[in-house]
$ cat coords_36.cif   # mmCIF, C-alpha atoms, pLDDT in the B column; chains and numbers go by the auth columns
data_structure
#
loop_
_atom_site.group_PDB
_atom_site.id
_atom_site.type_symbol
_atom_site.label_atom_id
_atom_site.label_comp_id
_atom_site.label_asym_id
_atom_site.label_seq_id
_atom_site.Cartn_x
_atom_site.Cartn_y
_atom_site.Cartn_z
_atom_site.B_iso_or_equiv
_atom_site.auth_seq_id
_atom_site.auth_asym_id
ATOM 1 C CA MET A 1 68.014 122.967 41.792 48.00 88 A
ATOM 2 C CA ARG A 2 68.016 126.527 43.212 51.00 89 A
ATOM 3 C CA GLY A 3 71.278 127.390 41.487 53.00 90 A
ATOM 4 C CA ARG A 4 69.733 126.554 38.153 54.00 91 A
ATOM 5 C CA TYR A 5 66.984 129.180 38.498 48.00 92 A
ATOM 6 C CA ALA A 6 69.122 131.988 39.916 47.00 93 A
ATOM 7 C CA PRO A 7 70.348 133.249 36.499 46.00 94 A
ATOM 8 C CA ALA A 8 66.772 133.260 35.181 45.00 95 A
ATOM 9 C CA ALA A 9 65.613 135.253 38.214 45.00 96 A
ATOM 10 C CA LEU A 10 68.403 137.779 37.677 42.00 97 A
ATOM 11 C CA LEU A 11 67.409 138.171 34.046 43.00 98 A
ATOM 12 C CA LEU A 12 63.805 138.806 35.051 43.00 99 A
ATOM 13 C CA LEU A 13 64.868 141.437 37.566 42.00 100 A
ATOM 14 C CA ALA A 14 67.134 143.087 34.994 44.00 101 A
ATOM 15 C CA ALA A 15 64.264 143.206 32.517 44.00 102 A
ATOM 16 C CA CYS A 16 62.162 145.062 35.072 46.00 103 A
ATOM 17 C CA ALA A 17 64.785 147.766 35.619 45.00 104 A
ATOM 18 C CA THR A 18 63.943 151.065 34.035 46.00 105 A
ATOM 19 C CA VAL A 19 66.256 153.376 32.181 44.00 106 A
ATOM 20 C CA PRO A 20 66.616 156.654 34.066 49.00 107 A
ATOM 21 C CA ALA A 21 64.780 159.521 32.435 52.00 108 A
ATOM 22 C CA ALA A 22 66.881 162.095 30.660 55.00 109 A
ATOM 23 C CA PRO A 23 67.150 165.367 32.545 60.00 110 A
ATOM 24 C CA PRO A 24 64.708 167.985 31.304 76.00 111 A
ATOM 25 C CA VAL A 25 65.995 170.346 28.661 81.00 112 A
ATOM 26 C CA PRO A 26 66.207 173.989 29.776 88.00 113 A
ATOM 27 C CA THR A 27 63.518 176.146 28.204 93.00 114 A
ATOM 28 C CA THR A 28 64.390 179.496 29.810 96.00 115 A
ATOM 29 C CA LYS A 29 67.472 181.656 29.904 95.00 116 A
ATOM 30 C CA THR A 30 68.326 185.202 30.925 96.00 117 A
ATOM 31 C CA VAL A 31 70.679 187.121 28.644 96.00 118 A
ATOM 32 C CA ALA A 32 72.400 190.481 29.151 96.00 119 A
ATOM 33 C CA ALA A 33 70.841 192.239 26.176 95.00 120 A
ATOM 34 C CA PRO A 34 67.777 194.457 25.642 95.00 121 A
ATOM 35 C CA VAL A 35 64.472 192.900 24.509 95.00 122 A
ATOM 36 C CA ASP A 36 64.585 194.398 20.988 95.00 123 A
ATOM 37 C CA GLN A 37 68.079 193.009 20.329 95.00 124 A
ATOM 38 C CA VAL A 38 67.068 189.560 21.621 96.00 125 A
ATOM 39 C CA ARG A 39 63.878 189.650 19.514 96.00 126 A
ATOM 40 C CA GLN A 40 65.959 190.229 16.376 96.00 127 A
ATOM 41 C CA SER A 41 68.263 187.341 17.315 96.00 128 A
ATOM 42 C CA VAL A 42 65.238 185.057 17.754 96.00 129 A
ATOM 43 C CA VAL A 43 63.707 186.110 14.403 96.00 130 A
ATOM 44 C CA THR A 44 67.026 185.413 12.654 96.00 131 A
ATOM 45 C CA ALA A 45 67.440 182.051 14.410 96.00 132 A
ATOM 46 C CA VAL A 46 63.944 180.777 13.610 95.00 133 A
ATOM 47 C CA SER A 47 64.281 181.907 9.986 95.00 134 A
ATOM 48 C CA ASN A 48 67.597 180.060 9.707 94.00 135 A
ATOM 49 C CA LEU A 49 65.899 176.928 11.089 94.00 136 A
ATOM 50 C CA GLY A 50 63.249 177.076 8.342 92.00 137 A
ATOM 51 C CA LEU A 51 60.439 178.346 10.552 93.00 138 A
ATOM 52 C CA ALA A 52 58.135 181.216 9.620 93.00 139 A
ATOM 53 C CA PRO A 53 58.514 183.909 12.329 95.00 140 A
ATOM 54 C CA GLU A 54 55.810 186.320 13.436 96.00 141 A
ATOM 55 C CA THR A 55 56.641 189.016 15.974 94.00 142 A
ATOM 56 C CA THR A 56 54.172 189.623 18.806 95.00 143 A
ATOM 57 C CA PRO A 57 54.081 192.175 21.635 94.00 144 A
ATOM 58 C CA THR A 58 55.514 189.537 24.004 95.00 145 A
ATOM 59 C CA GLY A 59 58.024 187.811 21.706 96.00 146 A
ATOM 60 C CA VAL A 60 58.026 185.677 18.575 97.00 147 A
ATOM 61 C CA LEU A 61 55.758 182.902 17.277 97.00 148 A
ATOM 62 C CA ALA A 62 57.242 180.524 14.727 95.00 149 A
ATOM 63 C CA THR A 63 55.674 177.714 12.715 94.00 150 A
ATOM 64 C CA ALA A 64 56.681 174.964 10.337 92.00 151 A
ATOM 65 C CA ARG A 65 53.771 173.254 8.624 88.00 152 A
ATOM 66 C CA GLY A 66 54.778 169.856 7.311 84.00 153 A
ATOM 67 C CA SER A 67 58.481 170.626 7.197 86.00 154 A
ATOM 68 C CA ALA A 68 59.639 170.474 10.826 91.00 155 A
ATOM 69 C CA SER A 69 62.882 168.613 11.389 93.00 156 A
ATOM 70 C CA SER A 70 62.622 165.049 12.661 93.00 157 A
ATOM 71 C CA ASP A 71 65.372 165.932 15.197 95.00 158 A
ATOM 72 C CA TRP A 72 63.055 168.311 17.051 96.00 159 A
ATOM 73 C CA ALA A 73 60.346 165.864 18.118 95.00 160 A
ATOM 74 C CA ASP A 74 59.901 162.184 18.799 95.00 161 A
ATOM 75 C CA CYS A 75 57.030 161.262 16.482 96.00 162 A
ATOM 76 C CA ARG A 76 56.647 157.522 16.798 94.00 163 A
ATOM 77 C CA LEU A 77 54.665 154.940 14.911 95.00 164 A
ATOM 78 C CA THR A 78 50.955 155.338 15.637 94.00 165 A
ATOM 79 C CA LEU A 79 48.281 152.677 15.606 93.00 166 A
ATOM 80 C CA ILE A 80 45.385 153.701 13.363 92.00 167 A
ATOM 81 C CA THR A 81 42.197 151.748 14.051 90.00 168 A
ATOM 82 C CA TRP A 82 38.966 151.564 12.068 87.00 169 A
ATOM 83 C CA ASP A 83 35.839 150.147 13.676 86.00 170 A
ATOM 84 C CA GLN A 84 33.851 148.635 10.841 78.00 171 A
ATOM 85 C CA ASP A 85 30.058 148.424 11.102 78.00 172 A
ATOM 86 C CA ASP A 86 29.917 144.931 9.613 80.00 173 A
ATOM 87 C CA GLY A 87 33.137 143.337 10.847 80.00 174 A
ATOM 88 C CA PRO A 88 35.902 143.307 13.373 86.00 175 A
ATOM 89 C CA PRO A 89 38.016 146.442 13.886 88.00 176 A
ATOM 90 C CA ARG A 90 41.064 146.822 11.691 88.00 177 A
ATOM 91 C CA SER A 91 44.376 148.307 12.846 92.00 178 A
ATOM 92 C CA SER A 92 47.589 149.346 11.172 93.00 179 A
ATOM 93 C CA TRP A 93 50.806 150.926 12.465 96.00 180 A
ATOM 94 C CA GLN A 94 51.646 154.079 10.498 95.00 181 A
ATOM 95 C CA SER A 95 54.786 156.201 10.286 95.00 182 A
ATOM 96 C CA PRO A 96 54.662 160.005 10.445 95.00 183 A
ATOM 97 C CA GLN A 97 54.475 161.618 7.028 93.00 184 A
ATOM 98 C CA ALA A 98 54.660 165.329 7.813 93.00 185 A
ATOM 99 C CA ARG A 99 55.779 167.054 10.978 95.00 186 A
ATOM 100 C CA GLN A 100 54.476 170.344 12.293 96.00 187 A
ATOM 101 C CA ALA A 101 56.119 172.649 14.828 96.00 188 A
ATOM 102 C CA ARG A 102 54.828 175.720 16.590 96.00 189 A
ATOM 103 C CA VAL A 103 57.051 177.517 19.059 97.00 190 A
ATOM 104 C CA ALA A 104 56.350 180.568 21.170 97.00 191 A
ATOM 105 C CA VAL A 105 59.402 182.478 22.349 97.00 192 A
ATOM 106 C CA THR A 106 58.454 184.875 25.129 97.00 193 A
ATOM 107 C CA LEU A 107 60.724 187.808 25.924 97.00 194 A
ATOM 108 C CA ALA A 108 60.483 189.715 29.210 97.00 195 A
ATOM 109 C CA PRO A 109 62.735 192.379 30.705 95.00 196 A
ATOM 110 C CA GLU A 110 64.590 191.061 33.752 94.00 197 A
ATOM 111 C CA GLY A 111 67.012 193.331 35.577 91.00 198 A
ATOM 112 C CA GLN A 112 69.519 194.628 33.022 92.00 199 A
ATOM 113 C CA GLY A 113 68.739 191.838 30.552 95.00 200 A
ATOM 114 C CA THR A 114 65.970 189.781 28.971 97.00 201 A
ATOM 115 C CA ARG A 115 64.399 186.529 30.111 97.00 202 A
ATOM 116 C CA VAL A 116 63.791 184.198 27.149 97.00 203 A
ATOM 117 C CA SER A 117 61.263 181.346 27.448 97.00 204 A
ATOM 118 C CA VAL A 118 60.746 178.766 24.705 97.00 205 A
ATOM 119 C CA SER A 119 57.449 176.810 24.535 96.00 206 A
ATOM 120 C CA PRO A 120 57.222 174.350 21.616 96.00 207 A
ATOM 121 C CA GLN A 121 54.357 172.169 20.390 96.00 208 A
ATOM 122 C CA PHE A 122 54.929 169.370 17.909 97.00 209 A
ATOM 123 C CA SER A 123 52.644 167.081 15.941 97.00 210 A
ATOM 124 C CA ALA A 124 52.786 164.756 12.973 97.00 211 A
ATOM 125 C CA THR A 125 50.346 163.811 10.263 96.00 212 A
ATOM 126 C CA TYR A 126 49.710 160.114 9.641 96.00 213 A
ATOM 127 C CA ARG A 127 47.693 158.548 6.816 95.00 214 A
ATOM 128 C CA ASP A 128 44.613 156.555 7.794 94.00 215 A
ATOM 129 C CA PRO A 129 44.927 153.597 5.368 92.00 216 A
ATOM 130 C CA TYR A 130 41.275 152.604 5.721 88.00 217 A
ATOM 131 C CA ARG A 131 39.560 155.917 5.034 89.00 218 A
ATOM 132 C CA ASN A 132 42.484 157.562 3.196 91.00 219 A
ATOM 133 C CA PHE A 133 42.582 160.802 5.150 91.00 220 A
ATOM 134 C CA PRO A 134 45.159 162.464 7.400 94.00 221 A
ATOM 135 C CA VAL A 135 45.206 162.005 11.174 94.00 222 A
ATOM 136 C CA GLU A 136 47.228 164.314 13.414 95.00 223 A
ATOM 137 C CA HIS A 137 48.880 163.245 16.685 95.00 224 A
ATOM 138 C CA ALA A 138 51.004 165.194 19.169 96.00 225 A
ATOM 139 C CA CYS A 139 54.714 164.397 19.473 96.00 226 A
ATOM 140 C CA ALA A 140 57.118 164.795 22.387 95.00 227 A
ATOM 141 C CA SER A 141 59.938 167.307 22.162 95.00 228 A
ATOM 142 C CA THR A 142 63.527 166.084 22.014 96.00 229 A
ATOM 143 C CA GLY A 143 64.826 169.433 23.294 95.00 230 A
ATOM 144 C CA VAL A 144 66.880 170.116 20.168 96.00 231 A
ATOM 145 C CA LEU A 145 64.831 173.111 18.977 96.00 232 A
ATOM 146 C CA GLU A 146 64.723 174.677 22.431 96.00 233 A
ATOM 147 C CA SER A 147 68.499 174.285 22.812 95.00 234 A
ATOM 148 C CA ARG A 148 69.193 175.824 19.416 95.00 235 A
ATOM 149 C CA LEU A 149 66.974 178.828 20.044 96.00 236 A
ATOM 150 C CA LEU A 150 68.421 179.486 23.505 96.00 237 A
ATOM 151 C CA ALA A 151 71.959 179.147 22.124 95.00 238 A
ATOM 152 C CA ALA A 152 71.135 181.672 19.386 94.00 239 A
ATOM 153 C CA VAL A 153 70.238 184.407 21.882 93.00 240 A
ATOM 154 C CA GLY A 154 73.607 184.229 23.611 87.00 241 A
#

$ encode --input "coords_36.cif" --output "structure tokens"
Amino acid sequence: MRGRYAPAALLLLAACATVPAAPPVPTTKTVAAPVDQVRQSVVTAVSNLGLAPETTPTGVLATARGSASSDWADCRLTLITWDQDDGPPRSSWQSPQARQARVAVTLAPEGQGTRVSVSPQFSATYRDPYRNFPVEHACASTGVLESRLLAAVG
């Protein structure tokens, strides 16, 4: 009788195993170039990625409103719920419709080079099917944008 349940027990244990988390994506890098040269490389890179760059005293801010690449962030289905006054709550899973990205690239002199730090924020807009208005939720980074920007600076 015990032998009959052993495979089922192994399956249960296997189902409980977790997938190891992916290693974190690097978000900083030091390059052997002056700050002004690195700033120009960042402005060119974010423009080529379809982001709108804005230079700041400490680096570059870049945004994409509604047109951020789906490769950059993991924007999953989101459950939209509506609590009705005269009935039970209603819920519906919704897909992202527009993706936003905002990334701050900070540049700081370090030794003979420049330290580059990339800090992204991602979100997506979902449609509330009950009230017909947009709802925004944060999304997790995939590391693709950070990798591309750090690769562009050398």

$ resolve_selection --input "coords_36.cif" --expression "the PyMOL selection byres ((chain A and resi 140) around 10)" --output "PyMOL selection string"
chain A and resi 129-134+137-139+141-143+147-151+189-191

$ atom_distance --input "coords_36.cif" --atom1 "atom CA of A:Pro111" --atom2 "atom CA of A:Ser128"
24.1 Å

$ axis_aligned_box --input "coords_36.cif" --around "stretch 146-165 of chain A" --padding-each-side "4 Å" --output "JSON"
{"center_x": 58.2, "center_y": 171.4, "center_z": 14.5, "size_x": 22.4, "size_y": 40.9, "size_z": 22.5}

$ resolve_selection --input "coords_36.cif" --expression "the PyMOL selection byres ((chain A and resi 160) around 10)" --output "ChimeraX atom specification"
/A:155-159,161-163,186-188,207-211,225-232

$ atom_distance --input "coords_36.cif" --atom1 "atom CA of A:Thr114" --atom2 "atom CA of A:Gly146"
14.4 Å

$ residues_around --input "coords_36.cif" --residues "stretch 213-220 of chain A" --least-positions-apart "5" --cutoff "9 Å" --atoms "all atoms listed in the file" --output "VMD selection string"
chain A and resid 164 to 165 167 to 169 177 to 179 181 to 185

$ atom_distance --input "coords_36.cif" --atom1 "atom CA of A:Thr201" --atom2 "atom CA of A:Thr145"
11.6 Å

$ closest_residue --input "coords_36.cif" --among "A:Gln127, A:Ala195, A:Val205, A:Gly174" --to "A:Leu237" --atoms "all atoms listed in the file"
A:Val205

$ resolve_selection --input "coords_36.cif" --expression "the PyMOL selection byres ((chain A and resi 120) around 9)" --output "ChimeraX atom specification"
/A:117-119,121-125,199-201,240-241

$ closest_residue --input "coords_36.cif" --among "A:Pro175, A:Asn135, A:Ser206, A:Thr212" --to "A:Arg152" --atoms "all atoms listed in the file"
A:Thr212

$ closest_residue --input "coords_36.cif" --among "A:Ser154, A:Gln171, A:Thr115, A:Thr193" --to "A:Ser234" --atoms "all atoms listed in the file"
A:Thr115

$ closest_residue --input "coords_36.cif" --among "A:Gly153, A:Pro113, A:Pro176, A:Pro144" --to "A:Arg126" --atoms "all atoms listed in the file"
A:Pro144
